[in-house]
Amino acid sequence: MNLQTCLRAGVAFSAVLLAVAVAPLASAEELADVSTAFRWLGKNDRVVIEAYDDPKVVGVTCYVSRARTGGVKGTVGLAEDKSEASIACRQVAPTVQFQGKLPVQEDVFSERMSILFKRLHVVRVVDTKRNTLVYLTYSDKLIDGSPMNAVTAVPVSPSTPIPVK
């Protein structure tokens, strides 16, 4: 490989890094955080609680708690957060309304957990037999994902059948 090819590859890789670093995150509302470990420089390690409104199911909000790494790397966004997360989704309005038909399974939210290749996902699964929305959270990584996951369910009133594609 000659010098010019190496330089092109380096520029392309730098552009990918920059694009990933400035890519918008999922629209979460951070509700609170608690410190779990003191760091001399930068933010402390902590557990954050975030609220995500389901964009296709008006009246359902998911609350996700997860670890955030602090220190200098965490403060500037270079640290890799742990794969552990917890989820609780609830009906937060008197009635649930659907924005069209829902796929049986859909990735509803996704947020990066490291500068490259690691993401937290929230997946909605429709249980038509029980008229229930099931939400699963897990993390994946380009090379090696994590089997750690959490699940919650939101039963929908029998008078409001879930519209499925």
# chains A, B, ... in the order shown; residues from 1 in each chain; ligands from 1

call {"tool": "residues_around", "arguments": {"residues": "A:Ala28", "least_positions_apart": "4", "cutoff": "8 Å", "atoms": "only C-alpha atoms", "output": "VMD selection string"}}
result
chain A and resid 50 to 52

call {"tool": "residues_around", "arguments": {"residues": "A:Ile49", "least_positions_apart": "4", "cutoff": "12 Å", "atoms": "only C-alpha atoms", "output": "ChimeraX atom specification"}}
result
/A:28-35,62-68,85-88

call {"tool": "closest_residue", "arguments": {"among": "A:Ala93, A:Val60, A:Leu120, A:Glu111", "to": "A:Ala153", "atoms": "only C-alpha atoms"}}
result
A:Val60

call {"tool": "residues_around", "arguments": {"residues": "stretch 99-102 of chain A", "least_positions_apart": "6", "cutoff": "6 Å", "atoms": "only C-alpha atoms", "output": "ChimeraX atom specification"}}
result
/A:56,163-165

call {"tool": "write_last_selection", "arguments": {"atoms": "N, CA, C and O atoms", "output": "PDB file, in the first residue's frame"}}
result
ATOM      1  N   LYS A  56     -44.920   6.105  18.100  1.00  0.00           N
ATOM      2  CA  LYS A  56     -46.074   5.572  17.376  1.00  0.00           C
ATOM      3  C   LYS A  56     -47.224   5.178  18.298  1.00  0.00           C
ATOM      4  O   LYS A  56     -48.274   4.761  17.817  1.00  0.00           O
ATOM      5  N   PRO A 163     -53.536  -1.983  16.314  1.00  0.00           N
ATOM      6  CA  PRO A 163     -53.515  -2.171  14.859  1.00  0.00           C
ATOM      7  C   PRO A 163     -52.139  -2.677  14.403  1.00  0.00           C
ATOM      8  O   PRO A 163     -51.121  -2.047  14.649  1.00  0.00           O
ATOM      9  N   VAL A 164     -52.122  -3.836  13.771  1.00  0.00           N
ATOM     10  CA  VAL A 164     -50.869  -4.477  13.356  1.00  0.00           C
ATOM     11  C   VAL A 164     -50.799  -4.530  11.842  1.00  0.00           C
ATOM     12  O   VAL A 164     -51.800  -4.807  11.171  1.00  0.00           O
ATOM     13  N   LYS A 165     -49.593  -4.302  11.317  1.00  0.00           N
ATOM     14  CA  LYS A 165     -49.359  -4.386   9.853  1.00  0.00           C
ATOM     15  C   LYS A 165     -49.443  -5.829   9.416  1.00  0.00           C
ATOM     16  O   LYS A 165     -49.022  -6.735  10.059  1.00  0.00           O
TER      17      LYS A 165
END
